[in-house]
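A.B. asks: Just one file: query-v8.txt, with compact mmCIF, C-alpha atoms (C1' of nucleotides).
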# COMPACT_ATOMS: atom_id res chain seq x y z
CA MET A 1 3.67 13.96 32.15
CA THR A 2 0.10 13.84 30.98
CA LEU A 3 0.13 17.53 31.81
CA THR A 4 3.04 18.15 29.49
CA LEU A 5 1.26 16.30 26.72
CA ALA A 6 -1.90 18.32 27.35
CA ARG A 7 0.10 21.50 27.04
CA GLU A 8 1.70 20.34 23.83
CA LEU A 9 -1.70 19.64 22.37
CA ARG A 10 -3.06 23.00 23.44
CA ASP A 11 0.00 24.79 22.10
CA ALA A 12 -0.62 23.10 18.77
CA GLY A 13 -4.16 24.42 18.76
CA LEU A 14 -5.65 20.99 19.34
CA ARG A 15 -8.20 19.96 21.94
CA VAL A 16 -7.01 17.80 24.78
CA THR A 17 -8.79 14.47 24.66
CA GLY A 18 -8.27 11.21 26.46
CA GLY A 19 -7.62 9.41 23.24
CA ARG A 20 -4.89 11.76 22.14
CA ILE A 21 -3.14 11.64 25.49
CA ALA A 22 -3.34 7.85 25.51
CA LEU A 23 -2.03 7.68 21.97
CA LEU A 24 0.90 9.99 22.64
CA GLU A 25 1.77 7.99 25.77
CA ALA A 26 1.57 4.75 23.84
CA ILE A 27 3.92 6.09 21.20
CA GLU A 28 6.36 7.39 23.82
CA SER A 29 6.51 3.98 25.42
CA ARG A 30 6.74 2.10 22.12
CA PRO A 31 8.37 4.33 19.51
CA HIS A 32 8.05 3.33 15.85
CA SER A 33 4.74 1.54 16.36
CA ASP A 34 2.37 1.16 13.47
CA ALA A 35 -1.32 2.02 13.58
CA GLU A 36 -2.46 -1.52 14.23
CA THR A 37 -0.18 -1.92 17.22
CA LEU A 38 -1.38 1.38 18.62
CA VAL A 39 -4.99 0.33 18.24
CA ARG A 40 -4.21 -2.75 20.31
CA VAL A 41 -2.41 -0.76 22.99
CA LEU A 42 -5.21 1.81 23.25
CA HIS A 43 -7.81 -0.91 23.48
CA GLU A 44 -6.23 -2.09 26.74
CA THR A 45 -7.30 1.07 28.51
CA ARG A 46 -9.94 2.48 26.16
CA PRO A 47 -11.74 -0.43 24.50
CA ALA A 48 -14.17 1.84 22.69
CA THR A 49 -11.48 3.46 20.56
CA SER A 50 -12.08 2.81 16.88
CA VAL A 51 -9.44 2.02 14.31
CA GLN A 52 -10.48 5.06 12.33
CA SER A 53 -10.09 7.30 15.34
CA VAL A 54 -6.54 6.13 15.75
CA HIS A 55 -5.88 6.99 12.11
CA ASN A 56 -7.56 10.36 12.60
CA MET A 57 -5.45 11.11 15.64
CA LEU A 58 -2.23 9.97 14.01
CA HIS A 59 -3.00 12.17 11.03
CA ASP A 60 -3.85 15.25 13.09
CA LEU A 61 -0.94 14.86 15.46
CA THR A 62 1.46 14.34 12.59
CA ARG A 63 0.17 17.38 10.75
CA SER A 64 0.57 19.46 13.89
CA GLY A 65 4.13 18.31 14.38
CA LEU A 66 3.58 16.33 17.59
CA LEU A 67 4.38 13.14 15.77
CA ARG A 68 6.65 12.14 12.96
CA ARG A 69 5.51 9.53 10.51
CA ILE A 70 7.98 7.25 8.80
CA GLU A 71 7.18 4.82 6.01
CA PRO A 72 9.88 2.19 5.63
CA ALA A 73 9.55 0.27 2.38
CA GLY A 74 7.49 -2.86 2.79
CA SER A 75 6.07 -1.87 6.16
CA PRO A 76 2.99 0.06 7.25
CA SER A 77 3.56 3.62 8.47
CA ARG A 78 5.18 3.99 11.86
CA TYR A 79 5.06 6.88 14.29
CA GLU A 80 7.47 8.45 16.76
CA ARG A 81 7.61 11.46 19.04
CA ARG A 82 11.09 12.69 18.14
CA THR A 83 10.42 15.35 15.57
CA GLY A 84 12.45 18.02 13.89
CA ASP A 85 15.83 16.77 15.09
CA ASN A 86 17.03 15.34 11.80
CA HIS A 87 17.58 11.84 13.07
CA HIS A 88 17.53 8.72 10.94
CA HIS A 89 16.61 5.05 11.20
CA LEU A 90 18.06 1.59 11.26
CA VAL A 91 15.51 -0.95 10.06
CA CYS A 92 15.87 -4.70 10.48
CA THR A 93 15.20 -6.45 7.18
CA ASP A 94 14.19 -9.56 9.09
CA CYS A 95 11.84 -8.53 11.88
CA GLY A 96 11.15 -4.91 10.96
CA ALA A 97 12.50 -3.50 14.22
CA VAL A 98 13.38 0.19 13.96
CA ALA A 99 16.04 2.07 15.92
CA ASP A 100 16.95 5.74 15.92
CA VAL A 101 20.35 7.01 14.80
CA ASP A 102 21.47 10.56 15.27
CA CYS A 103 22.68 12.29 12.18
CA ALA A 104 26.36 11.53 11.87
CA VAL A 105 28.00 14.71 10.68
CA GLY A 106 27.08 17.96 12.39
CA GLU A 107 23.76 19.65 12.03
CA ALA A 108 22.15 18.52 8.79
CA PRO A 109 24.84 16.77 6.84
CA CYS A 110 22.70 14.66 4.65
CA LEU A 111 20.95 17.79 3.48
CA THR A 112 23.48 18.29 0.75
CA PRO A 113 23.18 15.91 -2.17
CA SER A 114 26.09 15.76 -4.58
CA GLN A 115 24.03 17.18 -7.44
CA LYS A 116 20.87 19.17 -6.92
CA LEU A 117 19.52 19.14 -10.47
CA GLY A 118 17.53 22.29 -9.83
CA TYR A 119 15.78 20.92 -6.78
CA ALA A 120 15.30 23.11 -3.71
CA VAL A 121 16.13 20.49 -1.11
CA LYS A 122 14.28 20.88 2.18
CA SER A 123 15.08 17.72 4.06
CA ALA A 124 16.86 14.42 3.80
CA GLU A 125 15.89 11.07 5.09
CA VAL A 126 18.33 8.24 5.62
CA THR A 127 17.33 4.63 6.18
CA PHE A 128 19.92 2.04 7.07
CA TRP A 129 18.91 -1.54 6.30
CA GLY A 130 20.39 -4.54 8.05
CA LEU A 131 19.88 -7.14 10.75
CA CYS A 132 19.12 -6.10 14.30
CA ALA A 133 21.11 -7.64 17.16
CA ALA A 134 18.40 -10.21 17.94
CA CYS A 135 17.97 -11.41 14.35
CA LEU A 136 21.72 -11.49 13.92
CA ALA A 137 22.03 -13.76 16.96
CA ALA A 138 19.17 -15.92 15.73
CA ALA A 139 20.86 -16.27 12.33
CA HIS A 140 24.05 -17.56 13.98
CA ALA A 141 22.15 -20.15 16.01
CA MET B 142 19.21 -3.04 -27.51
CA THR B 143 16.42 -5.52 -27.28
CA LEU B 144 19.16 -8.08 -27.72
CA THR B 145 21.01 -6.77 -24.71
CA LEU B 146 17.86 -6.95 -22.65
CA ALA B 147 17.22 -10.51 -23.85
CA ARG B 148 20.71 -11.46 -22.77
CA GLU B 149 20.24 -9.85 -19.39
CA LEU B 150 17.06 -11.82 -18.88
CA ARG B 151 18.70 -15.08 -19.91
CA ASP B 152 21.71 -14.40 -17.72
CA ALA B 153 19.34 -13.96 -14.82
CA GLY B 154 17.80 -17.35 -15.56
CA LEU B 155 14.55 -15.83 -16.79
CA ARG B 156 12.72 -16.58 -20.01
CA VAL B 157 12.72 -13.90 -22.65
CA THR B 158 9.18 -12.73 -23.27
CA GLY B 159 7.76 -9.82 -25.19
CA GLY B 160 6.19 -8.41 -22.08
CA ARG B 161 9.42 -8.36 -20.14
CA ILE B 162 11.34 -6.71 -22.97
CA ALA B 163 8.62 -4.12 -23.39
CA LEU B 164 8.54 -3.47 -19.67
CA LEU B 165 12.30 -3.06 -19.39
CA GLU B 166 12.29 -0.70 -22.37
CA ALA B 167 9.46 1.31 -20.87
CA ILE B 168 11.37 1.68 -17.62
CA GLU B 169 14.55 2.68 -19.45
CA SER B 170 12.69 5.43 -21.25
CA ARG B 171 10.79 6.58 -18.18
CA PRO B 172 12.81 5.82 -15.07
CA HIS B 173 11.02 5.96 -11.70
CA SER B 174 7.65 5.04 -13.18
CA ASP B 175 5.06 3.38 -10.99
CA ALA B 176 3.16 0.23 -11.91
CA GLU B 177 0.09 2.09 -13.13
CA THR B 178 2.10 4.23 -15.52
CA LEU B 179 3.88 1.18 -16.85
CA VAL B 180 0.59 -0.58 -17.46
CA ARG B 181 -0.50 2.39 -19.54
CA VAL B 182 2.74 2.47 -21.52
CA LEU B 183 2.66 -1.26 -22.22
CA HIS B 184 -0.96 -1.04 -23.33
CA GLU B 185 0.10 1.22 -26.18
CA THR B 186 1.97 -1.61 -27.86
CA ARG B 187 0.58 -4.68 -26.10
CA PRO B 188 -3.06 -3.99 -25.22
CA ALA B 189 -3.61 -7.49 -23.86
CA THR B 190 -1.18 -7.05 -20.98
CA SER B 191 -2.93 -7.39 -17.65
CA VAL B 192 -2.27 -5.28 -14.59
CA GLN B 193 -1.35 -8.39 -12.65
CA SER B 194 1.21 -9.40 -15.26
CA VAL B 195 2.91 -6.08 -14.87
CA HIS B 196 3.07 -6.64 -11.13
CA ASN B 197 4.37 -10.16 -11.70
CA MET B 198 7.04 -8.93 -14.06
CA LEU B 199 8.07 -6.08 -11.81
CA HIS B 200 8.34 -8.50 -8.91
CA ASP B 201 10.36 -11.09 -10.83
CA LEU B 202 12.67 -8.56 -12.46
CA THR B 203 13.27 -6.84 -9.14
CA ARG B 204 14.03 -10.11 -7.38
CA SER B 205 16.48 -11.01 -10.16
CA GLY B 206 18.26 -7.69 -9.88
CA LEU B 207 17.28 -6.31 -13.29
CA LEU B 208 15.20 -3.64 -11.63
CA ARG B 209 15.41 -1.66 -8.45
CA ARG B 210 12.25 -0.82 -6.60
CA ILE B 211 11.99 2.36 -4.55
CA GLU B 212 9.10 3.28 -2.29
CA PRO B 213 9.07 6.97 -1.50
CA ALA B 214 6.72 7.79 1.39
CA GLY B 215 3.25 8.68 0.18
CA SER B 216 3.78 7.33 -3.32
CA PRO B 217 3.26 3.94 -4.93
CA SER B 218 6.40 1.91 -5.64
CA ARG B 219 8.57 3.10 -8.49
CA TYR B 220 11.05 1.18 -10.61
CA GLU B 221 14.35 1.96 -12.25
CA ARG B 222 17.07 0.11 -14.14
CA ARG B 223 20.08 1.52 -12.31
CA THR B 224 20.83 -1.13 -9.74
CA GLY B 225 23.66 -1.84 -7.39
CA ASP B 226 25.40 1.50 -7.81
CA ASN B 227 24.43 2.98 -4.46
CA HIS B 228 22.73 6.05 -5.89
CA HIS B 229 20.05 8.05 -4.14
CA HIS B 230 16.97 10.10 -4.96
CA LEU B 231 15.61 13.60 -4.99
CA VAL B 232 11.83 13.56 -4.68
CA CYS B 233 9.61 16.56 -5.35
CA THR B 234 7.14 17.04 -2.49
CA ASP B 235 4.79 18.79 -4.88
CA CYS B 236 4.55 16.71 -8.05
CA GLY B 237 6.35 13.53 -7.00
CA ALA B 238 9.03 13.77 -9.68
CA VAL B 239 12.09 11.68 -8.87
CA ALA B 240 15.68 12.34 -9.93
CA ASP B 241 18.81 10.33 -9.36
CA VAL B 242 21.75 11.59 -7.32
CA ASP B 243 25.06 9.84 -7.15
CA CYS B 244 26.29 9.08 -3.71
CA ALA B 245 28.22 12.09 -2.54
CA VAL B 246 31.23 10.80 -0.68
CA GLY B 247 33.25 7.99 -2.21
CA GLU B 248 32.04 4.47 -2.49
CA ALA B 249 29.37 3.86 0.09
CA PRO B 250 29.52 6.75 2.47
CA CYS B 251 26.06 6.61 3.81
CA LEU B 252 26.68 3.03 4.81
CA THR B 253 28.10 4.13 8.10
CA PRO B 254 25.56 5.35 10.60
CA SER B 255 26.86 7.23 13.64
CA GLN B 256 25.72 4.52 16.04
CA LYS B 257 25.02 0.98 14.98
CA LEU B 258 23.21 -0.25 18.07
CA GLY B 259 24.12 -3.82 17.31
CA TYR B 260 22.73 -3.76 13.80
CA ALA B 261 24.66 -5.38 10.95
CA VAL B 262 24.08 -2.67 8.37
CA LYS B 263 23.89 -3.91 4.79
CA SER B 264 22.74 -0.89 2.84
CA ALA B 265 21.66 2.68 3.18
CA GLU B 266 19.03 4.59 1.35
CA VAL B 267 18.93 8.36 1.15
CA THR B 268 15.94 10.36 0.03
CA PHE B 269 16.16 14.11 -0.43
CA TRP B 270 12.83 15.93 -0.27
CA GLY B 271 12.25 19.30 -1.87
CA LEU B 272 10.77 21.10 -4.85
CA CYS B 273 11.81 20.19 -8.36
CA ALA B 274 12.81 22.95 -10.77
CA ALA B 275 9.39 23.05 -12.42
CA CYS B 276 7.41 23.25 -9.19
CA LEU B 277 9.83 25.82 -7.84
CA ALA B 278 9.24 27.99 -10.91
CA ALA B 279 5.49 27.48 -10.63
CA ALA B 280 5.60 28.53 -6.97
CA HIS B 281 7.31 31.81 -7.90
CA ALA B 282 4.73 32.61 -10.55
C1' DT C 283 10.90 -29.02 -36.54
C1' DC C 284 7.99 -31.05 -33.13
C1' DT C 285 7.17 -32.39 -28.37
C1' DC C 286 6.85 -31.72 -23.75
C1' DT C 287 7.89 -29.62 -19.50
C1' DT C 288 7.20 -25.84 -16.72
C1' DA C 289 7.86 -20.80 -16.45
C1' DT C 290 4.72 -16.95 -17.59
C1' DT C 291 0.47 -14.76 -18.20
C1' DT C 292 -4.21 -14.15 -17.61
C1' DT C 293 -8.48 -14.21 -15.05
C1' DG C 294 -10.67 -13.42 -10.92
C1' DA C 295 -10.84 -12.95 -6.09
C1' DG C 296 -8.81 -11.41 -1.65
C1' DT C 297 -5.92 -8.46 1.43
C1' DT C 298 -3.79 -4.64 3.77
C1' DA C 299 -3.58 -0.14 5.21
C1' DT C 300 -5.63 3.54 4.75
C1' DT C 301 -8.94 7.50 3.46
C1' DC C 302 -13.73 9.57 2.89
C1' DA C 303 -18.33 10.93 4.52
C1' DC C 304 -21.31 12.11 8.01
C1' DG C 305 -24.05 11.75 12.12
C1' DA C 306 -23.06 11.49 17.26
C1' DT C 307 -20.39 13.21 21.03
C1' DA C 308 -17.87 16.08 24.00
C1' DA C 309 -14.06 19.96 24.79
C1' DG C 310 -13.86 24.34 26.33
C1' DA C 311 -14.98 29.50 25.29
C1' DG C 312 -18.30 32.67 27.01
C1' DC D 313 -24.44 25.86 32.14
C1' DT D 314 -24.84 26.69 27.24
C1' DC D 315 -23.52 26.48 22.71
C1' DT D 316 -20.34 26.06 19.02
C1' DT D 317 -17.57 23.13 16.53
C1' DA D 318 -13.56 20.04 16.89
C1' DT D 319 -13.24 15.27 17.53
C1' DC D 320 -14.84 10.46 17.52
C1' DG D 321 -17.44 6.54 15.91
C1' DT D 322 -19.86 3.99 12.31
C1' DG D 323 -19.94 2.37 7.82
C1' DA D 324 -18.43 2.43 3.22
C1' DA D 325 -14.82 3.12 -0.29
C1' DT D 326 -10.21 3.16 -2.19
C1' DA D 327 -5.39 2.22 -3.69
C1' DA D 328 -1.98 -0.79 -4.55
C1' DC D 329 -0.95 -4.93 -4.29
C1' DT D 330 -0.82 -10.13 -3.41
C1' DC D 331 -2.67 -14.96 -3.87
C1' DA D 332 -4.60 -19.00 -6.46
C1' DA D 333 -5.38 -21.61 -10.31
C1' DA D 334 -6.36 -22.40 -15.11
C1' DA D 335 -4.57 -21.10 -19.94
C1' DT D 336 -0.60 -20.12 -22.69
C1' DA D 337 3.90 -20.16 -24.60
C1' DA D 338 9.42 -20.33 -24.02
C1' DG D 339 12.85 -23.14 -25.21
C1' DA D 340 15.44 -27.73 -23.95
C1' DG D 341 15.65 -32.15 -25.88
C1' DA D 342 14.24 -35.72 -29.43
Would you encode the structure as structure tokens?
C.D. replies:
Amino acid sequence: MTLTLARELRDAGLRVTGGRIALLEAIESRPHSDAETLVRVLHETRPATSVQSVHNMLHDLTRSGLLRRIEPAGSPSRYERRTGDNHHHLVCTDCGAVADVDCAVGEAPCLTPSQKLGYAVKSAEVTFWGLCAACLAAAHA
Amino acid sequence: MTLTLARELRDAGLRVTGGRIALLEAIESRPHSDAETLVRVLHETRPATSVQSVHNMLHDLTRSGLLRRIEPAGSPSRYERRTGDNHHHLVCTDCGAVADVDCAVGEAPCLTPSQKLGYAVKSAEVTFWGLCAACLAAAHA
DNA sequence: TCTCTTATTTTGAGTTATTCACGATAAGAG
DNA sequence: CTCTTATCGTGAATAACTCAAAATAAGAGA
């Protein structure tokens, strides 16, 4: 597993470092984490890791395509390992929980806006807002 | 026109102030402006307006439904007067220009994700990323 | 029209989430 | 085992707001 991650890093032209492996593992085990959460998780096994390093790593890994960064309104940036598969997100307006949703219609359905107004559209991003199961249950109680 | 705005404010239970009218007019003439731009525009006619007041006003008007706030990734919040009509946005990845797009399919098409995972979905937000006409032309040059 | 209450606005400070700069460290090619 | 240079750590800086409290002014009621 760590080996696969190491290979992914090397294939992206990046050096394999303990911090990057730990960060990628942390994100795999807790998708949609924000930087602060990841700092906390990394500190459990690598207490010396600095906040700035985590930001550096997130930036580099995102730029290289190993991570995808999402920025839901009103929340700090979050990171996930599923990249390039045109999936979207459900975000809980109460607790901020994020869940993945596959794109509903075929390959890249949302890629076609009704009017293009001269824009050369490259990608589409869909965010569904609502209450997650837990907050919904809590609201009924 | 100013009268209509005054009425909208009153209907929302808000006091009618010069700043709010000026702000609403500024946003009508330049939709999708960010706070900083609006501060500059208001300063042309009301130099005493503080940055914080603009934020206050934007916050109050958004909460009352007179404005809609959008937060495209990597850009400060932007404001527009079209509210509650389920329209979406085209955002230029180069210059940040934003354009409106009506929702493609019927009433609220994007409101139905493929899987709901227990979420009670209330709204959906679609952002199309690409190059605007101007940046596209510039890229060809 | 004049008060008077309280919503707005201003002034000023504080916060969050990040980015920038640069010396210290360590990955990995040779 | 070197040596180069990508990466990491330290420290400071920034952007875009938000919070608190005193000063001002809408507009309901007299």
A.B. asks: What are the residues of chain C that have an atom within 12 Å of an atom of chain B, counting all atoms listed in the file, as a compact mmCIF listing (two decimals) with C-alpha atoms (C1' of nucleotides), in the coordinates of the input?
C.D. replies:
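Output file result25.txt follows:
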# COMPACT_ATOMS: atom_id res chain seq x y z
C1' DT C 288 7.20 -25.84 -16.72
C1' DA C 289 7.86 -20.80 -16.45
C1' DT C 290 4.72 -16.95 -17.59
C1' DT C 291 0.47 -14.76 -18.20
C1' DT C 292 -4.21 -14.15 -17.61
C1' DT C 293 -8.48 -14.21 -15.05
C1' DG C 294 -10.67 -13.42 -10.92
C1' DT C 300 -5.63 3.54 4.75
A.B. asks: Find the residues of chain B in contact range of chain A, meaning any atom within 7 Å when counting only C-alpha atoms, and list them as a PyMOL selection string.
C.D. replies: chain B and resi 212+214+242-245+254-256+259-274
A.B. asks: How about saving the chosen residues, C-alpha atoms kept, as a PDB file, keeping the file's coordinate frame?
C.D. replies:
ATOM      1  CA  GLU B 212       9.100   3.280  -2.290  1.00  0.00           C
ATOM      2  CA  ALA B 214       6.720   7.790   1.390  1.00  0.00           C
ATOM      3  CA  VAL B 242      21.750  11.590  -7.320  1.00  0.00           C
ATOM      4  CA  ASP B 243      25.060   9.840  -7.150  1.00  0.00           C
ATOM      5  CA  CYS B 244      26.290   9.080  -3.710  1.00  0.00           C
ATOM      6  CA  ALA B 245      28.220  12.090  -2.540  1.00  0.00           C
ATOM      7  CA  PRO B 254      25.560   5.350  10.600  1.00  0.00           C
ATOM      8  CA  SER B 255      26.860   7.230  13.640  1.00  0.00           C
ATOM      9  CA  GLN B 256      25.720   4.520  16.040  1.00  0.00           C
ATOM     10  CA  GLY B 259      24.120  -3.820  17.310  1.00  0.00           C
ATOM     11  CA  TYR B 260      22.730  -3.760  13.800  1.00  0.00           C
ATOM     12  CA  ALA B 261      24.660  -5.380  10.950  1.00  0.00           C
ATOM     13  CA  VAL B 262      24.080  -2.670   8.370  1.00  0.00           C
ATOM     14  CA  LYS B 263      23.890  -3.910   4.790  1.00  0.00           C
ATOM     15  CA  SER B 264      22.740  -0.890   2.840  1.00  0.00           C
ATOM     16  CA  ALA B 265      21.660   2.680   3.180  1.00  0.00           C
ATOM     17  CA  GLU B 266      19.030   4.590   1.350  1.00  0.00           C
ATOM     18  CA  VAL B 267      18.930   8.360   1.150  1.00  0.00           C
ATOM     19  CA  THR B 268      15.940  10.360   0.030  1.00  0.00           C
ATOM     20  CA  PHE B 269      16.160  14.110  -0.430  1.00  0.00           C
ATOM     21  CA  TRP B 270      12.830  15.930  -0.270  1.00  0.00           C
ATOM     22  CA  GLY B 271      12.250  19.300  -1.870  1.00  0.00           C
ATOM     23  CA  LEU B 272      10.770  21.100  -4.850  1.00  0.00           C
ATOM     24  CA  CYS B 273      11.810  20.190  -8.360  1.00  0.00           C
ATOM     25  CA  ALA B 274      12.810  22.950 -10.770  1.00  0.00           C
TER      26      ALA B 274
END
A.B. asks: Counting all atoms listed in the file, which residue out of A:Arg7, A:His55, A:Thr45, A:Glu25 sits closest to chain D?
C.D. replies: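 Of the candidates, the smallest distance to chain D is held by A:His55.
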A.B. asks: Select residues of chain D: the criterion is any atom within 8 Å of an atom of chain A, counting only C-alpha atoms (C1' of nucleotides); output as JSON, numbers by chain.
C.D. replies: {"D": [318, 320, 321]}
A.B. asks: Please indicate the distance in Å from CA of Thr224 (chain B) to C1' of DA328 (chain D), rounded to one decimal place.
C.D. replies: 23.4 Å
A.B. asks: Got a sec: who's within 12 Å of DC315 (chain D), counting only C-alpha atoms (C1' of nucleotides), leaving out chain neighbours fewer than 6 positions off, as JSON, numbers by chain?
C.D. replies: {"C": [308, 309, 310, 311, 312]}
A.B. asks: May I have the residues within 6 Å of region 173-177 of chain B as a list in words, using all atoms listed in the file and disregarding those fewer than 5 positions away in the same chain?
C.D. replies: Ser218, Arg219, Tyr220 and Glu221 of chain B
A.B. asks: Please indicate the distance in Å from C1' of DT307 (chain C) to C1' of DT319 (chain D), rounded to one decimal place.
C.D. replies: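 Answer for the C1' of DT307 (chain C) to C1' of DT319 (chain D) separation: 8.2 Å.
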A.B. asks: In Å, how far is it from CA of Glu28 (chain A) to CA of Arg81 (chain A)?
C.D. replies: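 According to the coordinates, CA of Glu28 (chain A) and CA of Arg81 (chain A) are separated by 6.4 Å.
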A.B. asks: Around all the atoms of region 322-333 of chain D listed in the file, draw an axis-aligned box and extend it by 8 Å on each of the six sides; I want its centre and edge lengths in Å to one decimal, as lines of an AutoDock Vina configuration file.
C.D. replies:
center_x = -10.4
center_y = -8.8
center_z = 1.0
size_x = 35.1
size_y = 41.6
size_z = 38.6
A.B. asks: Nearest to Gly225 (chain B): which of B:Arg171, B:Ala282, B:Ser205, B:Arg161 is it, counting all atoms listed in the file?
C.D. replies: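 Going through B:Arg171, B:Ala282, B:Ser205, B:Arg161 one by one, the smallest distance to Gly225 (chain B) is for B:Ser205.
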A.B. asks: Could you give me, as number ranges by chain, the residues within 9 Å of region 295-297 of chain C, counting all atoms listed in the file and dropping anything in the same chain fewer than 2 positions from it?
C.D. replies: D: 329-332
A.B. asks: What lies within 10 Å of Arg46 (chain A) using only C-alpha atoms (C1' of nucleotides), ignoring chain neighbours under 5 positions off, as a PyMOL selection string?
C.D. replies: chain A and resi 18-19+22+39-41
